[in-house]
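Undergrad: Just dropping this structure here.
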Amino acid sequence: MGESWFRREFLTPRRLAFNVIFYGLHFFFFGYGWHSQAVNTKLAALNALTWSVWVSRGAGLVLAFDGGLILLPMLRNVIRVVRPRVRWLFPADENIWFHRQVAYSMAFWSMVHTTAHYVNFFNVERTQVRKQFALQIHYTQAGGITGHFMLLILVLMYGTAHNKIRQQCFEAFWYTHHLAFFFMIGLFSHATGCFVRDSVDADYIPTFPFYSTQHCLGYESWRFIIWPALLYFGERVYREIRARKATRLSKVLVHPSGAMELRIVKPSFKYVAGQWLFIQVPEISKFQWHPFTITSAPEDPYVSIHIRQVGDFTRALGDRLGVGPSVVATMTQAAMKGAEKDEKTGITRGDFIEIDSTNVSLPSVRIDGPFGAPAEDVFNVEVAVLIGAGIGVTPFASILKHIWYRQKRGNLGTLRRVEFFWVCRDAPSFGWFQSLLQEVEAAQADPNFLRINIYLTQKIGEDMLWNIAVNDAGAEYDPLTLLRTRTMFGRPDWMTIYGQMRQAVESGQYIPGSKSQLKTKVGTYFCGPSVLAKVIKEATVHHTGPNVEFSFAKEHF
């Protein structure tokens, strides 16, 4: 039976350590905020409101802490630099996951803080601790105005951050998340209302922070949380300057699967296999940046990315290049039939069409990056298991190319074997990656170094089944992929696969000489849906033993 969600998220050793530190700090700040308010004799009048003011102060201090913390995992360039040095200490590849944990915390403490303040304002009016109405505090003072302003921004940001909304309308997620700039301004100026004071009337001054600290006794937490904001702002300025360096879209290839391959020339762009970038097409949008994995190798004279037409931006780009859905449908017709070659069009699954730049002007593009990814570490393990699902195979295009180049130079580091798994829903998806796999497969002097495993999960129609049967009989190559490796049908049984791998390693059959080693490191690098990631990770955890150490890493954007 699979591992429970609670055990996976809270009780595994690394997560347990994280949760103890993360939530421990939050409850510490909450307790400190509560206590410092309750024992402050200068605030005796305000403390007459009792628990509601203590809760609001404690939750407010936690929110100030989270306001600075939430920006740290978004320092992508800093993470890219420090990642190789500190990955033993904390999972730098899980920065998006950490960002979400802080966001969940902010959502909870915002509700606590807001509810407590509603009670505060009601009690202020009821007891007349100050000669004010609740509505006055809500809508005429800086604290109430900025508080409601930040709540509105949080609703918009959280409402468009769901995975399904990001997939269907990335633009909504992109634009609302950039409201964070205004949220931070509201956070820094939230205390200027001087709600926490030892005087009847607020003591304002004409200079920042616009209140006198002699009578306004807030935490002045903006002095601490402004530094992460300045770091993030500085990084965004740096990224903007870097993205403006000379960039040219040199070539566009359209593969039968419908994937568009953009080849970009930018001499200043240096990267490592497995990394990713942001791309902007100003003709489509001057503000949107979209993340894509780099599919070229560092040895190539260009930077390439593969883009599937599945969202508003990608479809708009396909229409701009004149390769919309109708063109893609024509190109994939042969692959859908399961034939090696379409007699009418002459197109095979490995063929592509190059956009003629004399007829179609190529748009200008800008790229920002590169940014780090876990697949960079493939040369630090003895066995690399590369698993891609659908278009999630893109990072492994770069890695397999790079492995090929390093094989030629005889420089593979500690890497001794590669297992490549590609799980596809339909046959046309094999098209764009087919030519690369053919080249890599043909170049293998040692047939045991690279093993290609391709799974087709599509329900096969009668026509396609007939074509496969006819073309497969006695053929040297697989009729679907045109590789020597045969396509397997259905979903992989990951528990069995990893169990067999562990058994082969321990018996010395998988890697020569592995029995004499203390432990064999097998790194799994996955790009695809989270549901499949969970199953694969469970298999790696289950089969890790004293002689074989399985690790798992998933691509995150």
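We name chains A, B, ... following the order of the structure tokens; residues begin at 1 in each chain, and ligands are numbered from 1 as shown.
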Give me the residues within 9 Å of Val423 (chain A) as a VMD selection string, counting only C-alpha atoms and dropping any in the same chain fewer than 4 places off.
TA: chain A and resid 387 to 390 393 453 to 457 491 to 492
Undergrad: Write out, as an mmCIF file, in the first residue's frame, the residues just selected, with N, CA and C atoms.
TA:
```
data_model
loop_
_atom_site.group_PDB
_atom_site.id
_atom_site.type_symbol
_atom_site.label_atom_id
_atom_site.label_comp_id
_atom_site.auth_asym_id
_atom_site.auth_seq_id
_atom_site.Cartn_x
_atom_site.Cartn_y
_atom_site.Cartn_z
ATOM 1 N N ILE A 387 13.427 9.934 -16.595
ATOM 2 C CA ILE A 387 12.029 9.573 -16.881
ATOM 3 C C ILE A 387 11.285 10.824 -17.336
ATOM 4 N N GLY A 388 10.763 10.779 -18.546
ATOM 5 C CA GLY A 388 9.967 11.871 -19.083
ATOM 6 C C GLY A 388 8.588 11.383 -19.466
ATOM 7 N N ALA A 389 7.583 12.201 -19.198
ATOM 8 C CA ALA A 389 6.203 11.864 -19.555
ATOM 9 C C ALA A 389 5.717 12.901 -20.555
ATOM 10 N N GLY A 390 5.411 12.470 -21.784
ATOM 11 C CA GLY A 390 4.946 13.388 -22.819
ATOM 12 C C GLY A 390 5.999 14.426 -23.158
ATOM 13 N N VAL A 393 9.698 15.171 -21.583
ATOM 14 C CA VAL A 393 10.973 14.576 -21.984
ATOM 15 C C VAL A 393 11.989 15.642 -22.379
ATOM 16 N N ASN A 453 13.820 2.895 -22.935
ATOM 17 C CA ASN A 453 12.555 2.214 -22.635
ATOM 18 C C ASN A 453 11.411 3.160 -22.986
ATOM 19 N N ILE A 454 10.631 2.802 -23.976
ATOM 20 C CA ILE A 454 9.531 3.656 -24.424
ATOM 21 C C ILE A 454 8.198 2.942 -24.200
ATOM 22 N N TYR A 455 7.278 3.661 -23.545
ATOM 23 C CA TYR A 455 5.953 3.102 -23.243
ATOM 24 C C TYR A 455 4.883 3.959 -23.919
ATOM 25 N N LEU A 456 3.966 3.293 -24.582
ATOM 26 C CA LEU A 456 2.830 3.969 -25.203
ATOM 27 C C LEU A 456 1.579 3.608 -24.413
ATOM 28 N N THR A 457 0.920 4.609 -23.821
ATOM 29 C CA THR A 457 -0.246 4.352 -22.975
ATOM 30 C C THR A 457 -1.563 4.545 -23.715
ATOM 31 N N ARG A 491 1.105 1.117 -19.009
ATOM 32 C CA ARG A 491 1.852 1.912 -18.046
ATOM 33 C C ARG A 491 2.947 1.073 -17.388
ATOM 34 N N PRO A 492 4.102 1.675 -17.140
ATOM 35 C CA PRO A 492 5.191 0.924 -16.491
ATOM 36 C C PRO A 492 4.836 0.565 -15.052
#
```
Undergrad: As a PDB file with N, CA and C atoms, in the first residue's frame, please: the residues near region 143-154 of chain A (cut-off 9 Å, only C-alpha atoms, same-chain neighbours under 5 positions excluded).
TA:
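Result file is part.pdb:
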```
ATOM      1  N   ALA A 107      -1.679  32.635   4.142  1.00  0.00           N
ATOM      2  CA  ALA A 107      -3.138  32.564   4.024  1.00  0.00           C
ATOM      3  C   ALA A 107      -3.769  32.310   5.396  1.00  0.00           C
ATOM      4  N   SER A 110      -3.131  35.321   7.813  1.00  0.00           N
ATOM      5  CA  SER A 110      -3.914  36.487   7.369  1.00  0.00           C
ATOM      6  C   SER A 110      -5.345  36.396   7.886  1.00  0.00           C
ATOM      7  N   THR A 114      -6.720  39.101  10.482  1.00  0.00           N
ATOM      8  CA  THR A 114      -7.876  39.900  10.054  1.00  0.00           C
ATOM      9  C   THR A 114      -9.060  39.705  11.002  1.00  0.00           C
ATOM     10  N   GLN A 136     -14.406  53.929  10.761  1.00  0.00           N
ATOM     11  CA  GLN A 136     -13.332  54.907  10.606  1.00  0.00           C
ATOM     12  C   GLN A 136     -11.970  54.213  10.555  1.00  0.00           C
ATOM     13  N   ILE A 137     -11.772  53.271  11.451  1.00  0.00           N
ATOM     14  CA  ILE A 137     -10.493  52.556  11.487  1.00  0.00           C
ATOM     15  C   ILE A 137     -10.329  51.725  10.220  1.00  0.00           C
ATOM     16  N   HIS A 138     -11.436  51.131   9.774  1.00  0.00           N
ATOM     17  CA  HIS A 138     -11.406  50.272   8.587  1.00  0.00           C
ATOM     18  C   HIS A 138     -11.025  51.039   7.328  1.00  0.00           C
ATOM     19  N   GLY A 159      -6.293  32.913  -6.029  1.00  0.00           N
ATOM     20  CA  GLY A 159      -7.340  32.406  -6.919  1.00  0.00           C
ATOM     21  C   GLY A 159      -6.840  31.995  -8.279  1.00  0.00           C
ATOM     22  N   THR A 176      -1.448  38.500 -12.151  1.00  0.00           N
ATOM     23  CA  THR A 176      -1.870  38.674 -10.757  1.00  0.00           C
ATOM     24  C   THR A 176      -0.703  38.462  -9.799  1.00  0.00           C
ATOM     25  N   HIS A 177       0.232  37.577 -10.134  1.00  0.00           N
ATOM     26  CA  HIS A 177       1.368  37.369  -9.243  1.00  0.00           C
ATOM     27  C   HIS A 177       2.287  38.589  -9.214  1.00  0.00           C
ATOM     28  N   LEU A 179       1.237  41.467  -8.926  1.00  0.00           N
ATOM     29  CA  LEU A 179       0.662  42.403  -7.953  1.00  0.00           C
ATOM     30  C   LEU A 179       1.396  42.328  -6.616  1.00  0.00           C
ATOM     31  N   ALA A 180       2.297  41.355  -6.506  1.00  0.00           N
ATOM     32  CA  ALA A 180       3.094  41.230  -5.287  1.00  0.00           C
ATOM     33  C   ALA A 180       3.884  42.510  -5.003  1.00  0.00           C
ATOM     34  N   PHE A 182       2.815  45.569  -5.349  1.00  0.00           N
ATOM     35  CA  PHE A 182       1.924  46.452  -4.593  1.00  0.00           C
ATOM     36  C   PHE A 182       1.611  45.883  -3.214  1.00  0.00           C
ATOM     37  N   PHE A 183       1.588  44.554  -3.123  1.00  0.00           N
ATOM     38  CA  PHE A 183       1.381  43.917  -1.817  1.00  0.00           C
ATOM     39  C   PHE A 183       2.512  44.289  -0.861  1.00  0.00           C
ATOM     40  N   MET A 184       3.757  44.258  -1.362  1.00  0.00           N
ATOM     41  CA  MET A 184       4.888  44.577  -0.511  1.00  0.00           C
ATOM     42  C   MET A 184       4.860  46.043  -0.068  1.00  0.00           C
ATOM     43  N   ILE A 185       4.427  46.935  -0.960  1.00  0.00           N
ATOM     44  CA  ILE A 185       4.289  48.342  -0.582  1.00  0.00           C
ATOM     45  C   ILE A 185       3.264  48.477   0.553  1.00  0.00           C
ATOM     46  N   GLY A 186       2.140  47.757   0.418  1.00  0.00           N
ATOM     47  CA  GLY A 186       1.127  47.763   1.471  1.00  0.00           C
ATOM     48  C   GLY A 186       1.667  47.210   2.775  1.00  0.00           C
ATOM     49  N   LEU A 187       2.509  46.165   2.678  1.00  0.00           N
ATOM     50  CA  LEU A 187       3.077  45.546   3.879  1.00  0.00           C
ATOM     51  C   LEU A 187       4.020  46.507   4.602  1.00  0.00           C
ATOM     52  N   SER A 189       3.952  49.734   4.519  1.00  0.00           N
ATOM     53  CA  SER A 189       3.268  50.941   5.017  1.00  0.00           C
ATOM     54  C   SER A 189       2.086  50.615   5.922  1.00  0.00           C
ATOM     55  N   HIS A 190       1.881  49.339   6.230  1.00  0.00           N
ATOM     56  CA  HIS A 190       0.710  48.918   7.004  1.00  0.00           C
ATOM     57  C   HIS A 190       0.695  49.550   8.397  1.00  0.00           C
ATOM     58  N   ALA A 191       1.873  49.717   9.006  1.00  0.00           N
ATOM     59  CA  ALA A 191       1.931  50.226  10.381  1.00  0.00           C
ATOM     60  C   ALA A 191       1.824  51.745  10.469  1.00  0.00           C
ATOM     61  N   THR A 192       1.790  52.432   9.327  1.00  0.00           N
ATOM     62  CA  THR A 192       1.752  53.902   9.385  1.00  0.00           C
ATOM     63  C   THR A 192       0.445  54.425   9.976  1.00  0.00           C
ATOM     64  N   GLY A 193      -0.551  53.560  10.127  1.00  0.00           N
ATOM     65  CA  GLY A 193      -1.802  53.977  10.763  1.00  0.00           C
ATOM     66  C   GLY A 193      -1.663  54.194  12.250  1.00  0.00           C
ATOM     67  N   CYS A 194      -0.559  53.671  12.835  1.00  0.00           N
ATOM     68  CA  CYS A 194      -0.262  53.884  14.269  1.00  0.00           C
ATOM     69  C   CYS A 194      -1.411  53.379  15.151  1.00  0.00           C
ATOM     70  N   PHE A 195      -1.928  52.183  14.844  1.00  0.00           N
ATOM     71  CA  PHE A 195      -3.002  51.624  15.668  1.00  0.00           C
ATOM     72  C   PHE A 195      -2.481  51.265  17.063  1.00  0.00           C
TER      73      PHE A 195
END
```
Undergrad: Using CA of Tyr32 (chain A) and CA of Trp51 (chain A) as the two end points, give the distance in Å to one decimal.
TA: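 Answer for the CA of Tyr32 (chain A) to CA of Trp51 (chain A) separation: 14.1 Å.
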Undergrad: So the first atom is CA of Val81 (chain A) and the second is CA of Gly372 (chain A); what is the distance between them in Å, to one decimal place?
TA: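 So the two atoms, CA of Val81 (chain A) and CA of Gly372 (chain A), lie 8.3 Å apart.
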Undergrad: Hey, what does DSSP flag as helix (DSSP H, G or I) within region 25-251 of chain A? Can you give it to me as number ranges by chain?
TA: A: 25-38, 41-43, 46-49, 51-69, 72-74, 76-86, 92-127, 134-140, 142-159, 163-168, 170-177, 180-193, 222-243
Undergrad: Near Gly60 (chain A), within 10 Å and counting only C-alpha atoms, which residues show up once chain neighbours fewer than 6 positions away are dropped, as a PyMOL selection string?
TA: chain A and resi 29-30+33-34+54+66+109-110+112-114+219+221
Undergrad: Could you please take those selected residues and save all heavy atoms as a short mmCIF file (atom, residue, chain, number, x, y, z; two decimals), in the first residue's frame?
TA:
```
data_model
loop_
_atom_site.label_atom_id
_atom_site.label_comp_id
_atom_site.auth_asym_id
_atom_site.auth_seq_id
_atom_site.Cartn_x
_atom_site.Cartn_y
_atom_site.Cartn_z
N PHE A 29 7.40 33.32 16.88
CA PHE A 29 7.09 34.72 16.60
C PHE A 29 5.67 35.08 17.07
O PHE A 29 5.43 36.20 17.56
CB PHE A 29 7.24 35.02 15.10
CG PHE A 29 8.66 35.16 14.66
CD1 PHE A 29 9.20 34.30 13.72
CD2 PHE A 29 9.48 36.14 15.19
CE1 PHE A 29 10.52 34.42 13.32
CE2 PHE A 29 10.79 36.28 14.80
CZ PHE A 29 11.32 35.42 13.85
N PHE A 30 4.74 34.14 16.91
CA PHE A 30 3.38 34.39 17.39
C PHE A 30 3.38 34.58 18.90
O PHE A 30 2.78 35.53 19.43
CB PHE A 30 2.46 33.24 16.99
CG PHE A 30 1.05 33.41 17.48
CD1 PHE A 30 0.19 34.29 16.86
CD2 PHE A 30 0.59 32.68 18.57
CE1 PHE A 30 -1.12 34.46 17.32
CE2 PHE A 30 -0.70 32.83 19.03
CZ PHE A 30 -1.57 33.72 18.41
N GLY A 33 5.05 37.91 19.84
CA GLY A 33 4.16 39.04 19.58
C GLY A 33 3.06 39.16 20.61
O GLY A 33 2.75 40.27 21.09
N TRP A 34 2.45 38.04 20.96
CA TRP A 34 1.40 38.01 21.99
C TRP A 34 1.96 38.52 23.32
O TRP A 34 1.38 39.40 23.95
CB TRP A 34 0.89 36.57 22.12
CG TRP A 34 -0.12 36.32 23.20
CD1 TRP A 34 0.01 36.58 24.53
CD2 TRP A 34 -1.42 35.75 23.04
NE1 TRP A 34 -1.10 36.19 25.23
CE2 TRP A 34 -2.01 35.67 24.33
CE3 TRP A 34 -2.14 35.26 21.96
CZ2 TRP A 34 -3.28 35.15 24.55
CZ3 TRP A 34 -3.40 34.72 22.17
CH2 TRP A 34 -3.97 34.69 23.44
N TRP A 54 -4.04 40.70 21.46
CA TRP A 54 -2.84 39.88 21.59
C TRP A 54 -2.68 38.95 20.38
O TRP A 54 -1.58 38.76 19.87
CB TRP A 54 -2.91 39.06 22.88
CG TRP A 54 -3.05 39.90 24.12
CD1 TRP A 54 -2.59 41.19 24.29
CD2 TRP A 54 -3.69 39.53 25.33
NE1 TRP A 54 -2.92 41.65 25.53
CE2 TRP A 54 -3.59 40.65 26.22
CE3 TRP A 54 -4.34 38.39 25.79
CZ2 TRP A 54 -4.11 40.65 27.50
CZ3 TRP A 54 -4.85 38.37 27.08
CH2 TRP A 54 -4.74 39.49 27.92
N ASP A 66 6.83 36.14 7.32
CA ASP A 66 6.52 35.46 6.06
C ASP A 66 6.67 36.39 4.86
O ASP A 66 7.03 35.95 3.76
CB ASP A 66 5.09 34.89 6.09
CG ASP A 66 5.00 33.58 6.86
OD1 ASP A 66 6.06 32.96 7.07
OD2 ASP A 66 3.89 33.19 7.25
N TRP A 109 -2.40 32.77 8.56
CA TRP A 109 -2.19 33.84 9.53
C TRP A 109 -2.88 35.14 9.11
O TRP A 109 -3.22 35.96 9.98
CB TRP A 109 -0.70 34.07 9.74
CG TRP A 109 -0.04 32.93 10.45
CD1 TRP A 109 0.82 32.01 9.91
CD2 TRP A 109 -0.19 32.56 11.82
NE1 TRP A 109 1.20 31.09 10.85
CE2 TRP A 109 0.60 31.41 12.05
CE3 TRP A 109 -0.92 33.09 12.88
CZ2 TRP A 109 0.68 30.79 13.29
CZ3 TRP A 109 -0.84 32.47 14.13
CH2 TRP A 109 -0.05 31.34 14.32
N SER A 110 -3.13 35.32 7.81
CA SER A 110 -3.91 36.49 7.37
C SER A 110 -5.35 36.40 7.89
O SER A 110 -5.92 37.40 8.33
CB SER A 110 -3.92 36.58 5.84
OG SER A 110 -2.64 36.87 5.35
N VAL A 112 -6.27 34.74 10.57
CA VAL A 112 -6.21 34.94 12.03
C VAL A 112 -6.07 36.42 12.35
O VAL A 112 -6.80 36.97 13.20
CB VAL A 112 -5.03 34.14 12.63
CG1 VAL A 112 -4.86 34.47 14.11
CG2 VAL A 112 -5.24 32.65 12.43
N HIS A 113 -5.13 37.09 11.67
CA HIS A 113 -4.86 38.51 11.92
C HIS A 113 -6.09 39.37 11.61
O HIS A 113 -6.45 40.26 12.39
CB HIS A 113 -3.67 38.93 11.05
CG HIS A 113 -3.23 40.36 11.24
ND1 HIS A 113 -2.63 40.80 12.39
CD2 HIS A 113 -3.32 41.44 10.41
CE1 HIS A 113 -2.35 42.09 12.28
NE2 HIS A 113 -2.76 42.50 11.08
N THR A 114 -6.72 39.10 10.48
CA THR A 114 -7.88 39.90 10.05
C THR A 114 -9.06 39.70 11.00
O THR A 114 -9.72 40.68 11.41
CB THR A 114 -8.29 39.52 8.62
OG1 THR A 114 -7.16 39.70 7.76
CG2 THR A 114 -9.44 40.38 8.14
N TYR A 219 6.12 47.10 15.78
CA TYR A 219 7.36 46.34 15.74
C TYR A 219 8.39 46.94 14.77
O TYR A 219 9.56 46.57 14.80
CB TYR A 219 7.09 44.89 15.32
CG TYR A 219 6.28 44.12 16.32
CD1 TYR A 219 5.07 43.57 15.97
CD2 TYR A 219 6.73 43.95 17.63
CE1 TYR A 219 4.30 42.86 16.88
CE2 TYR A 219 5.99 43.24 18.55
CZ TYR A 219 4.77 42.70 18.18
OH TYR A 219 4.03 42.00 19.08
N SER A 221 8.75 46.18 11.79
CA SER A 221 9.32 45.01 11.12
C SER A 221 9.76 45.30 9.69
O SER A 221 10.56 44.55 9.13
CB SER A 221 8.30 43.87 11.12
OG SER A 221 7.07 44.30 10.56
#
```
Undergrad: Can you pull out every residue within 12 Å of Ser250 (chain A), counting only C-alpha atoms, but drop anything in the same chain fewer than 4 positions away, and send it as a list in words?
TA: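 Residues near the query, excluding close chain neighbours: Glu261, Leu262, Arg263, Ile264, Val265, Lys266, Pro301, Tyr302, Val303, Ser304, Glu354, Ile355, Asp356, Ser357, Ser361, Leu362, Pro363, Ser364 and Val365 of chain A.
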Undergrad: I need the residues from that last selection saved to file as a PDB file, in the first residue's frame (with C-alpha atoms), if you can.
TA:
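The resulting file, out_37.pdb, is reproduced below:
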```pdb
ATOM      1  CA  GLU A 261      11.523  23.880 -32.050  1.00  0.00           C
ATOM      2  CA  LEU A 262      12.940  27.394 -31.665  1.00  0.00           C
ATOM      3  CA  ARG A 263      16.659  27.757 -32.238  1.00  0.00           C
ATOM      4  CA  ILE A 264      18.017  30.944 -30.721  1.00  0.00           C
ATOM      5  CA  VAL A 265      21.454  32.518 -30.997  1.00  0.00           C
ATOM      6  CA  LYS A 266      22.664  34.486 -27.969  1.00  0.00           C
ATOM      7  CA  PRO A 301      26.009  26.560 -31.536  1.00  0.00           C
ATOM      8  CA  TYR A 302      22.465  27.589 -30.592  1.00  0.00           C
ATOM      9  CA  VAL A 303      19.977  27.425 -27.715  1.00  0.00           C
ATOM     10  CA  SER A 304      16.849  25.430 -28.536  1.00  0.00           C
ATOM     11  CA  GLU A 354      11.618  24.365 -41.352  1.00  0.00           C
ATOM     12  CA  ILE A 355       9.821  27.699 -41.423  1.00  0.00           C
ATOM     13  CA  ASP A 356      10.959  29.569 -44.527  1.00  0.00           C
ATOM     14  CA  SER A 357      12.129  32.925 -43.200  1.00  0.00           C
ATOM     15  CA  SER A 361       9.403  36.873 -40.913  1.00  0.00           C
ATOM     16  CA  LEU A 362      10.616  35.398 -37.666  1.00  0.00           C
ATOM     17  CA  PRO A 363       9.601  37.416 -34.592  1.00  0.00           C
ATOM     18  CA  SER A 364      12.128  38.944 -32.233  1.00  0.00           C
ATOM     19  CA  VAL A 365      12.562  37.108 -28.941  1.00  0.00           C
TER      20      VAL A 365
END
```
Undergrad: Closest to Pro374 (chain A) among A:His402, A:Arg417, A:Lys554, A:Arg7, using only C-alpha atoms?
TA: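 Checking each candidate against Pro374 (chain A), we get A:Lys554 as the closest.
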Undergrad: CA of Gln500 (chain A) and CA of Thr544 (chain A), how far apart in Å?
TA: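 So the two atoms, CA of Thr544 (chain A) and CA of Gln500 (chain A), lie 12.3 Å apart.
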Undergrad: Can you tell me which residues surround Val310 (chain A) at a distance of at most 12 Å, considering only C-alpha atoms, apart from same-chain residues fewer than 2 positions away, and format the answer as a count of residues only?
TA: 20
Undergrad: If we count only C-alpha atoms and set the cut-off at 8 Å, which residues sit around region 118-125 of chain A, ignoring sequence neighbours fewer than 2 positions away in its own chain? Please answer as a tab-separated table (two decimals) with all heavy atoms, in the first residue's frame.
TA:
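Okay, around-v6.tsv is ready:
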```tsv
chain	number	residue	atom	x	y	z
A	49	LEU	N	-8.59	45.31	25.62
A	49	LEU	CA	-9.32	44.51	24.61
A	49	LEU	C	-9.00	43.02	24.76
A	49	LEU	O	-9.62	42.20	24.08
A	49	LEU	CB	-8.95	44.99	23.21
A	49	LEU	CG	-9.19	46.47	22.90
A	49	LEU	CD1	-8.76	46.80	21.48
A	49	LEU	CD2	-10.66	46.83	23.11
A	52	SER	N	-8.09	39.46	21.79
A	52	SER	CA	-8.16	39.81	20.36
A	52	SER	C	-6.97	40.66	19.93
A	52	SER	O	-6.40	40.46	18.85
A	52	SER	CB	-9.47	40.53	20.04
A	52	SER	OG	-9.58	41.76	20.76
A	53	VAL	N	-6.55	41.60	20.78
A	53	VAL	CA	-5.40	42.43	20.42
A	53	VAL	C	-4.10	41.64	20.54
A	53	VAL	O	-3.16	41.85	19.77
A	53	VAL	CB	-5.37	43.72	21.27
A	53	VAL	CG1	-4.90	43.44	22.70
A	53	VAL	CG2	-4.48	44.78	20.62
A	114	THR	N	-6.72	39.10	10.48
A	114	THR	CA	-7.88	39.90	10.05
A	114	THR	C	-9.06	39.70	11.00
A	114	THR	O	-9.72	40.68	11.41
A	114	THR	CB	-8.29	39.52	8.62
A	114	THR	OG1	-7.16	39.70	7.76
A	114	THR	CG2	-9.44	40.38	8.14
A	115	THR	N	-9.32	38.45	11.35
A	115	THR	CA	-10.44	38.17	12.26
A	115	THR	C	-10.23	38.85	13.61
A	115	THR	O	-11.16	39.47	14.17
A	115	THR	CB	-10.59	36.65	12.46
A	115	THR	OG1	-10.78	36.02	11.19
A	115	THR	CG2	-11.77	36.34	13.37
A	116	ALA	N	-9.00	38.76	14.12
A	116	ALA	CA	-8.72	39.39	15.42
A	116	ALA	C	-8.89	40.91	15.35
A	116	ALA	O	-9.41	41.54	16.29
A	116	ALA	CB	-7.30	39.04	15.86
A	127	THR	N	-16.33	49.84	23.55
A	127	THR	CA	-15.81	50.30	24.85
A	127	THR	C	-15.37	51.75	24.83
A	127	THR	O	-15.13	52.33	25.90
A	127	THR	CB	-14.60	49.44	25.26
A	127	THR	OG1	-13.56	49.59	24.28
A	127	THR	CG2	-14.99	47.98	25.38
A	128	GLN	N	-15.23	52.31	23.62
A	128	GLN	CA	-14.76	53.70	23.45
A	128	GLN	C	-13.40	53.92	24.12
A	128	GLN	O	-13.14	54.96	24.74
A	128	GLN	CB	-15.78	54.68	24.00
A	128	GLN	CG	-17.01	54.83	23.10
A	128	GLN	CD	-16.66	55.44	21.74
A	128	GLN	OE1	-16.41	56.63	21.63
A	128	GLN	NE2	-16.67	54.59	20.71
A	129	VAL	N	-12.52	52.89	23.99
A	129	VAL	CA	-11.13	53.05	24.41
A	129	VAL	C	-10.52	54.23	23.66
A	129	VAL	O	-9.71	54.99	24.21
A	129	VAL	CB	-10.33	51.76	24.12
A	129	VAL	CG1	-8.84	51.97	24.37
A	129	VAL	CG2	-10.85	50.62	24.98
A	130	ARG	N	-10.94	54.37	22.41
A	130	ARG	CA	-10.62	55.56	21.62
A	130	ARG	C	-11.92	56.08	21.03
A	130	ARG	O	-12.81	55.30	20.71
A	130	ARG	CB	-9.63	55.20	20.51
A	130	ARG	CG	-8.27	54.79	21.04
A	130	ARG	CD	-7.37	54.29	19.94
A	130	ARG	NE	-6.12	53.76	20.48
A	130	ARG	CZ	-5.28	53.01	19.78
A	130	ARG	NH1	-5.55	52.71	18.53
A	130	ARG	NH2	-4.17	52.57	20.35
A	131	LYS	N	-12.01	57.37	20.88
A	131	LYS	CA	-13.24	57.98	20.38
A	131	LYS	C	-13.35	57.81	18.86
A	131	LYS	O	-13.22	58.76	18.09
A	131	LYS	CB	-13.28	59.46	20.76
A	131	LYS	CG	-13.12	59.73	22.26
A	131	LYS	CD	-14.20	59.04	23.08
A	131	LYS	CE	-14.04	59.32	24.56
A	131	LYS	NZ	-15.05	58.63	25.39
A	132	GLN	N	-13.51	56.55	18.46
A	132	GLN	CA	-13.58	56.23	17.03
A	132	GLN	C	-14.64	55.17	16.78
A	132	GLN	O	-14.97	54.37	17.66
A	132	GLN	CB	-12.22	55.72	16.53
A	132	GLN	CG	-11.11	56.76	16.52
A	132	GLN	CD	-9.77	56.15	16.13
A	132	GLN	OE1	-9.48	55.00	16.47
A	132	GLN	NE2	-8.96	56.91	15.41
A	133	PHE	N	-15.14	55.18	15.53
A	133	PHE	CA	-16.03	54.11	15.09
A	133	PHE	C	-15.21	53.06	14.34
A	133	PHE	O	-14.15	53.36	13.78
A	133	PHE	CB	-17.14	54.67	14.17
A	133	PHE	CG	-18.06	55.63	14.86
A	133	PHE	CD1	-17.99	57.00	14.58
A	133	PHE	CD2	-18.99	55.17	15.77
A	133	PHE	CE1	-18.84	57.88	15.21
A	133	PHE	CE2	-19.85	56.06	16.41
A	133	PHE	CZ	-19.77	57.41	16.14
A	134	ALA	N	-15.72	51.86	14.30
A	134	ALA	CA	-15.02	50.77	13.60
A	134	ALA	C	-14.83	51.09	12.13
A	134	ALA	O	-13.78	50.80	11.55
A	134	ALA	CB	-15.80	49.46	13.77
A	137	ILE	N	-11.77	53.27	11.45
A	137	ILE	CA	-10.49	52.56	11.49
A	137	ILE	C	-10.33	51.73	10.22
A	137	ILE	O	-9.25	51.64	9.64
A	137	ILE	CB	-10.40	51.65	12.73
A	137	ILE	CG1	-10.67	52.47	14.00
A	137	ILE	CG2	-9.03	50.99	12.82
A	137	ILE	CD1	-10.74	51.63	15.26
A	138	HIS	N	-11.44	51.13	9.77
A	138	HIS	CA	-11.41	50.27	8.59
A	138	HIS	C	-11.02	51.04	7.33
A	138	HIS	O	-10.19	50.58	6.54
A	138	HIS	CB	-12.78	49.62	8.37
A	138	HIS	CG	-12.96	48.32	9.07
A	138	HIS	ND1	-12.20	47.21	8.80
A	138	HIS	CD2	-13.82	47.94	10.05
A	138	HIS	CE1	-12.60	46.20	9.56
A	138	HIS	NE2	-13.59	46.62	10.34
```
Undergrad: Using only C-alpha atoms, which of the listed residues (A:Arg502, A:Lys521, A:Lys245, A:His255) sits closest to His543 (chain A)?
TA: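 Among the listed residues, the smallest separation from His543 (chain A) belongs to A:Arg502.
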Undergrad: Can you pull out every residue within 10 Å of Asp300 (chain A), counting only C-alpha atoms, but drop anything in the same chain fewer than 6 positions away, and send it as a list in words?
TA: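 Here the qualifying residues turn out to be Ser398, Lys401, His402 and Tyr405 of chain A.
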